[in-house]
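K.L.:
Before anything else, here's the structure in question.
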Amino acid sequence: MLKNLKGRVAFIFEEEDFDVDQIVGVKNIKLRDIDEMAAVAMQSYDPDFAKNVHAGDLLVGNVNFGYGHPHYPPLKAMRHLGIAGIVAESFSPGYWRGEVANGFPQVACPGIMGFVDRWDEIEIDWAAGVVRNLTKSGERPFDPLSKGDLDMISAGGLEGFIKNKIQQEKKVQS
Amino acid sequence: MSFTIAEKILARAAGQAGLKAGDDIQVKPDFVHAYDFPGYTDIIFKTMKEEFGIDQIPEPERYAIFIDHMVPAIDPKEELLHAGTREWCADNNVALFERKGIGHQVASEVGYAVPGSFLVHFDGHISQMGAFGMLAVGLRRHLLEAFVRETITFQVPATTRVNLTGKLQPGVMARDVFHHVVRTIGPRSCNFQVLEFGGEGMMNFTIADRQTLCGLAMFTGAITAVVNPDEMTLAYTGPLACLELDPVCSDDDANFAAVHDIDISELAPIVVVPPNPSNTEDLTDHLGLEVQTGYLGSCASGRLEDLRAAAQVLKGRKIKEGFALHVIPTSNVIMARAAEEGLITILAEAGAFISSSSCDYCFGRIATMSAGQRAVSTGTLNVRGRMGSPDSEIYLCNAAAVAAAAIEGKIADPRDYFDGPGDTQ
């Protein structure tokens, strides 16, 4: 079972159909160096973001988060800065699949916009299937993840997930 | 029980009868495709060997690799990537298609268009193979599972059905229909679902039109698109198909997440305004906007129908001085056919820059725009920086509209260049 995620809302992306490439800026989506990615992340949204974010903080997004042609550096940069997961109203499928394969915890939680303010402390409770606002109290259910997605996030990403599957099959065969 | 075509295809491929949307399954893809690209194929080949100890891929006939990006290479690093891909394919006895055209189109020309089959790729535009009554899904990094295991972990998707009625007017094309669908049902209407096209209007769409309709499915949030196979499909796939499967269709009373009826008979040309593929607006609202460059090509457009429409507009005319029109037929087969029909001559005489097939124009690797430039394009996407500087702009439109803009140097109505009904075909 996944460990619950508890952290502050480090940023709320209010834009619907948000294109994650904007996090680092389109001109930077081909960066390979993680420190360079982190240095440019969030510059157009909050230049002090890197200074204020803590390890374990979470992001909140609006409807269809990840729309467009998502690349991997923006979220790599976010993870490097300490971001531990994303709660959004809903996700765009290509983006969702890509980041779940990276083992990055994400939940679609209808109503999350307006339920939390920036810097509120929130918790993703996997067993209860809710996002809790610990600062203001109250909770909202999130959409259940498919078994494959949940297993992939639990395994820390695609490679671990596939290895677990192979192990399980070997056990069944022996 | 009634089923969608997606449910039927997955039930057959998973060997599990009666599958319904929402079921978690392990399913064996009939075909596993990829184009070589840094971060995808090179990583997959390396991970297979180093993490999973696979030296030789089982059932190599299920796999195909395409070299269509970075063609031709512009630095030694790119050529090295291609060399590694060639070597891996030779070592694993996997089919390699290099410099034949854009892989998603080439796949349909060399036998992978098999109604009823399940195909996976990492790239989402593979959805265009749905034109042939098959399910073709872009898995992004998850494609790795298809290279190291026989089956992949998958959830049976729900389906949204779009019924098209009516016939397009001259100068209006399949490309406009897709953008109109986005405008009508919304950019997230089909999230995680299959977008299924049907209705009596389908019989007016050629195979190429259907590929265009299906290839951009991701901009409705769909994981793929599909057209139920009909006589036209089977006439195309029959002589070529490398695998024999029974074609399947959605049952009339299948359980669709939503059904939309869209009449296209009065549809006017559309432009998709930057920087978002959901910004679909009437082209007539943007007439006169100055553009400096045009791109006619890509896996979504750039087929014979597109080249014919452009030739109709450009015949006996000249591109405006200083305007850069790049015409890139989607495959070598299409290039040869276009030459036979005299289209290449018309386009060249009008002043077009015509290149062999490559994906590279679509993402600005070549014909790169500088800040402040504006393009009309039949490419796949109009996000910032897609074709060069983040401060350049891309207006997506149909092939005839690209040609019309090339003549006038500004966004122009392609319908003014068509005399009567039926000239686009």
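Here, A, B, ... name the chains of the structure tokens in the order displayed, residue numbers run from 1 inside each chain, and ligands are numbered from 1 in the same displayed order.
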Compute the chain B side of the contact with chain A at 7 Å, counting only C-alpha atoms, and hand it back as a ChimeraX atom specification.

P.N.:
/B:24,140-142,145,153,188,191-192,221,223,384-385,390

K.L.:
Quick one: everything within 6 Å of range 289-306 of chain B, counting only C-alpha atoms, minus sequence neighbours fewer than 6 positions away in the same chain. Send it as a list in words.

P.N.:
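That gives Thr212, Gly215, Phe323, Ala324, Leu325, His326, Val327, Ile328, Pro329, Thr330, Arg374, Ala375, Val376, Ser377, Thr378, Gly379, Ala399, Val402, Gly409, Lys410 and Ile411 of chain B.
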
K.L.:
Selection from above, C-alpha atoms, as a PDB file, in the first residue's frame, can you write it?

P.N.:
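After the write, selection.pdb holds the following:
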```pdb
ATOM      1  CA  THR B 212      -6.527  12.555 -40.831  1.00  0.00           C
ATOM      2  CA  GLY B 215      -4.603  10.956 -36.204  1.00  0.00           C
ATOM      3  CA  PHE B 323       6.736  33.434 -48.722  1.00  0.00           C
ATOM      4  CA  ALA B 324       8.278  30.048 -47.796  1.00  0.00           C
ATOM      5  CA  LEU B 325       5.992  27.129 -48.638  1.00  0.00           C
ATOM      6  CA  HIS B 326       7.292  23.729 -47.591  1.00  0.00           C
ATOM      7  CA  VAL B 327       5.486  20.729 -49.074  1.00  0.00           C
ATOM      8  CA  ILE B 328       6.432  17.355 -47.617  1.00  0.00           C
ATOM      9  CA  PRO B 329       4.388  14.373 -48.829  1.00  0.00           C
ATOM     10  CA  THR B 330       3.761  11.975 -45.939  1.00  0.00           C
ATOM     11  CA  ARG B 374       3.930  33.264 -38.287  1.00  0.00           C
ATOM     12  CA  ALA B 375       3.039  30.031 -40.104  1.00  0.00           C
ATOM     13  CA  VAL B 376      -0.007  28.392 -41.562  1.00  0.00           C
ATOM     14  CA  SER B 377       0.433  24.676 -41.133  1.00  0.00           C
ATOM     15  CA  THR B 378      -1.128  21.270 -41.560  1.00  0.00           C
ATOM     16  CA  GLY B 379       1.221  19.976 -38.835  1.00  0.00           C
ATOM     17  CA  ALA B 399      -3.975  22.013 -47.031  1.00  0.00           C
ATOM     18  CA  VAL B 402      -2.085  26.711 -46.602  1.00  0.00           C
ATOM     19  CA  GLY B 409       0.857  36.072 -47.979  1.00  0.00           C
ATOM     20  CA  LYS B 410      -1.981  36.232 -45.520  1.00  0.00           C
ATOM     21  CA  ILE B 411      -4.712  33.954 -44.245  1.00  0.00           C
TER      22      ILE B 411
END
```

K.L.:
Might you pull out every residue within 10 Å of Ala310 in chain B, with only C-alpha atoms counted and same-chain residues fewer than 2 positions away left off, and present them as a list in words?

P.N.:
Gly171, Leu296, Gly302, Leu304, Glu305, Asp306, Leu307, Arg308, Gln312, Val313, Leu314, Lys315, Val327, Leu343, Ile346, Leu347, Asn398, Ala399, Ala400, Ala401, Val402, Ala403, Ala404, Ala406, Pro414, Tyr417 and Thr424 of chain B

K.L.:
Write a file of the just-selected residues containing C-alpha atoms, as a PDB file, in the first residue's frame.

P.N.:
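Wrote it out as out06.pdb, contents follow:
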```pdb
ATOM      1  CA  GLY B 171     -12.269  23.785 -50.098  1.00  0.00           C
ATOM      2  CA  LEU B 296       1.958  21.252 -45.910  1.00  0.00           C
ATOM      3  CA  GLY B 302       0.289  15.611 -46.481  1.00  0.00           C
ATOM      4  CA  LEU B 304      -2.683  12.752 -51.907  1.00  0.00           C
ATOM      5  CA  GLU B 305      -5.962  14.444 -51.021  1.00  0.00           C
ATOM      6  CA  ASP B 306      -4.013  17.285 -49.386  1.00  0.00           C
ATOM      7  CA  LEU B 307      -1.582  17.607 -52.294  1.00  0.00           C
ATOM      8  CA  ARG B 308      -4.440  17.590 -54.800  1.00  0.00           C
ATOM      9  CA  GLN B 312      -5.965  22.899 -57.274  1.00  0.00           C
ATOM     10  CA  VAL B 313      -5.325  26.201 -55.504  1.00  0.00           C
ATOM     11  CA  LEU B 314      -1.810  26.751 -56.874  1.00  0.00           C
ATOM     12  CA  LYS B 315      -2.267  25.596 -60.474  1.00  0.00           C
ATOM     13  CA  VAL B 327       5.486  20.729 -49.074  1.00  0.00           C
ATOM     14  CA  LEU B 343       0.882  17.459 -58.708  1.00  0.00           C
ATOM     15  CA  ILE B 346       2.200  22.133 -60.381  1.00  0.00           C
ATOM     16  CA  LEU B 347       3.513  22.755 -56.873  1.00  0.00           C
ATOM     17  CA  ASN B 398      -6.315  22.542 -44.080  1.00  0.00           C
ATOM     18  CA  ALA B 399      -3.975  22.013 -47.031  1.00  0.00           C
ATOM     19  CA  ALA B 400      -5.992  24.204 -49.396  1.00  0.00           C
ATOM     20  CA  ALA B 401      -5.869  27.049 -46.871  1.00  0.00           C
ATOM     21  CA  VAL B 402      -2.085  26.711 -46.602  1.00  0.00           C
ATOM     22  CA  ALA B 403      -1.854  26.986 -50.392  1.00  0.00           C
ATOM     23  CA  ALA B 404      -4.192  29.986 -50.493  1.00  0.00           C
ATOM     24  CA  ALA B 406       1.015  31.029 -49.811  1.00  0.00           C
ATOM     25  CA  PRO B 414      -9.469  28.481 -49.852  1.00  0.00           C
ATOM     26  CA  TYR B 417     -10.054  28.849 -55.409  1.00  0.00           C
ATOM     27  CA  THR B 424     -11.158  18.433 -53.959  1.00  0.00           C
TER      28      THR B 424
END
```

K.L.:
Could you pull the residues within 12 Å of Arg32 in chain A, counting only C-alpha atoms, minus those fewer than 2 positions along the same chain, as a list in words?

P.N.:
Asn28, Ile29, Lys30, Ile34, Asp35, Glu36, Met37, Ala38, His71, Tyr72, Pro73, Pro74, Lys76 and Ala77 of chain A; Pro38 and Gly39 of chain B

K.L.:
Those residues with C-alpha atoms, as a CSV table (one decimal), in the first residue's frame please?

P.N.:
```csv
chain,number,residue,atom,x,y,z
A,28,ASN,CA,13.8,24.8,-22.0
A,29,ILE,CA,12.0,21.6,-22.7
A,30,LYS,CA,15.1,20.0,-24.2
A,34,ILE,CA,18.5,18.4,-13.8
A,35,ASP,CA,20.0,21.5,-12.0
A,36,GLU,CA,19.4,23.6,-15.1
A,37,MET,CA,15.8,22.4,-15.3
A,38,ALA,CA,15.2,23.2,-11.7
A,71,HIS,CA,7.5,16.6,-22.1
A,72,TYR,CA,9.2,15.1,-19.1
A,73,PRO,CA,11.6,17.9,-17.9
A,74,PRO,CA,9.0,20.1,-16.2
A,76,LYS,CA,11.5,16.1,-13.3
A,77,ALA,CA,12.4,19.7,-12.2
B,38,PRO,CA,16.5,9.7,-28.1
B,39,GLY,CA,14.9,8.9,-24.7
```

K.L.:
Do a neighbour search on Gly111 in chain A at 12 Å with only C-alpha atoms, toss out local chain neighbours closer than 3 positions, and write the hits as a ChimeraX atom specification.

P.N.:
/A:60-63,87-90,108,114-116,130-131,139-143

K.L.:
List every residue of range 72-312 of chain B that DSSP, applied to the backbone of this structure, assigns to strand (DSSP E or B), and report them as JSON, numbers by chain.

P.N.:
{"B": [95, 96, 97, 98, 101, 118, 119, 120, 121, 135, 136, 137, 138, 152, 153, 154, 155, 159, 160, 161, 162, 163, 164, 165, 194, 195, 196, 197, 198, 224, 225, 226, 227, 258, 259, 260, 261, 262, 263, 270, 271, 272, 280, 281, 282, 290, 293, 294, 295, 296]}

K.L.:
Among range 175-363 of chain B, which ones does DSSP assign to alpha helix (DSSP H) (computed from the backbone)? Answer as a ChimeraX atom specification.

P.N.:
/B:175-185,207-215,231-237,304-314,332-340,343-350

K.L.:
If we count only C-alpha atoms, what is near Arg118 in chain A at a cut-off of 8 Å, once residues fewer than 5 positions away on the same chain are taken out, given as a CSV table (one decimal) with C-alpha atoms, in the first residue's frame?

P.N.:
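Once written, result_25.csv looks like this:
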```csv
chain,number,residue,atom,x,y,z
A,8,ARG,CA,1.7,21.9,1.8
A,9,VAL,CA,0.0,23.2,-1.4
A,10,ALA,CA,3.1,24.7,-3.0
A,11,PHE,CA,1.2,26.1,-6.0
A,12,ILE,CA,-2.2,26.1,-7.6
```

K.L.:
Near Glu150 in chain B, within 9 Å and counting only C-alpha atoms, which residues show up once chain neighbours fewer than 2 positions away are dropped, as an mmCIF file with N, CA and C atoms, in the first residue's frame?

P.N.:
```cif
data_model
loop_
_atom_site.group_PDB
_atom_site.id
_atom_site.type_symbol
_atom_site.label_atom_id
_atom_site.label_comp_id
_atom_site.auth_asym_id
_atom_site.auth_seq_id
_atom_site.Cartn_x
_atom_site.Cartn_y
_atom_site.Cartn_z
ATOM 1 N N VAL B 27 -3.055 -7.690 -21.902
ATOM 2 C CA VAL B 27 -3.418 -7.900 -23.304
ATOM 3 C C VAL B 27 -2.167 -7.950 -24.179
ATOM 4 N N LYS B 28 -2.197 -8.838 -25.147
ATOM 5 C CA LYS B 28 -1.040 -9.005 -26.041
ATOM 6 C C LYS B 28 -1.243 -8.197 -27.319
ATOM 7 N N PRO B 29 -0.430 -7.155 -27.526
ATOM 8 C CA PRO B 29 -0.574 -6.382 -28.759
ATOM 9 C C PRO B 29 -0.190 -7.243 -29.966
ATOM 10 N N PRO B 58 11.605 -12.070 -28.403
ATOM 11 C CA PRO B 58 10.780 -13.159 -28.933
ATOM 12 C C PRO B 58 9.745 -12.616 -29.936
ATOM 13 N N GLU B 145 6.903 -1.974 -21.577
ATOM 14 C CA GLU B 145 6.331 -3.258 -21.151
ATOM 15 C C GLU B 145 6.114 -4.186 -22.354
ATOM 16 N N ALA B 146 5.765 -3.588 -23.505
ATOM 17 C CA ALA B 146 5.517 -4.397 -24.707
ATOM 18 C C ALA B 146 6.810 -4.957 -25.294
ATOM 19 N N PHE B 147 7.949 -4.394 -24.872
ATOM 20 C CA PHE B 147 9.241 -4.901 -25.346
ATOM 21 C C PHE B 147 9.826 -5.952 -24.400
ATOM 22 N N VAL B 148 9.360 -5.995 -23.170
ATOM 23 C CA VAL B 148 9.966 -6.947 -22.223
ATOM 24 C C VAL B 148 8.993 -8.023 -21.755
ATOM 25 N N ILE B 152 0.714 -6.409 -22.069
ATOM 26 C CA ILE B 152 0.823 -5.140 -21.350
ATOM 27 C C ILE B 152 -0.368 -4.992 -20.396
#
```

K.L.:
Just how far from CA of Thr165 in chain B is CA of Ile334 in chain B, in Å to one decimal?

P.N.:
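The value is 28.5 Å.
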
K.L.:
Please indicate the distance in Å from CA of Ile23 in chain A to CA of Gln128 in chain B, rounded to one decimal place.

P.N.:
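These atoms are spaced 29.9 Å apart.
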
K.L.:
So how many Å separate CA of Val32 in chain B and CA of Ala241 in chain B, to one decimal?

P.N.:
15.4 Å
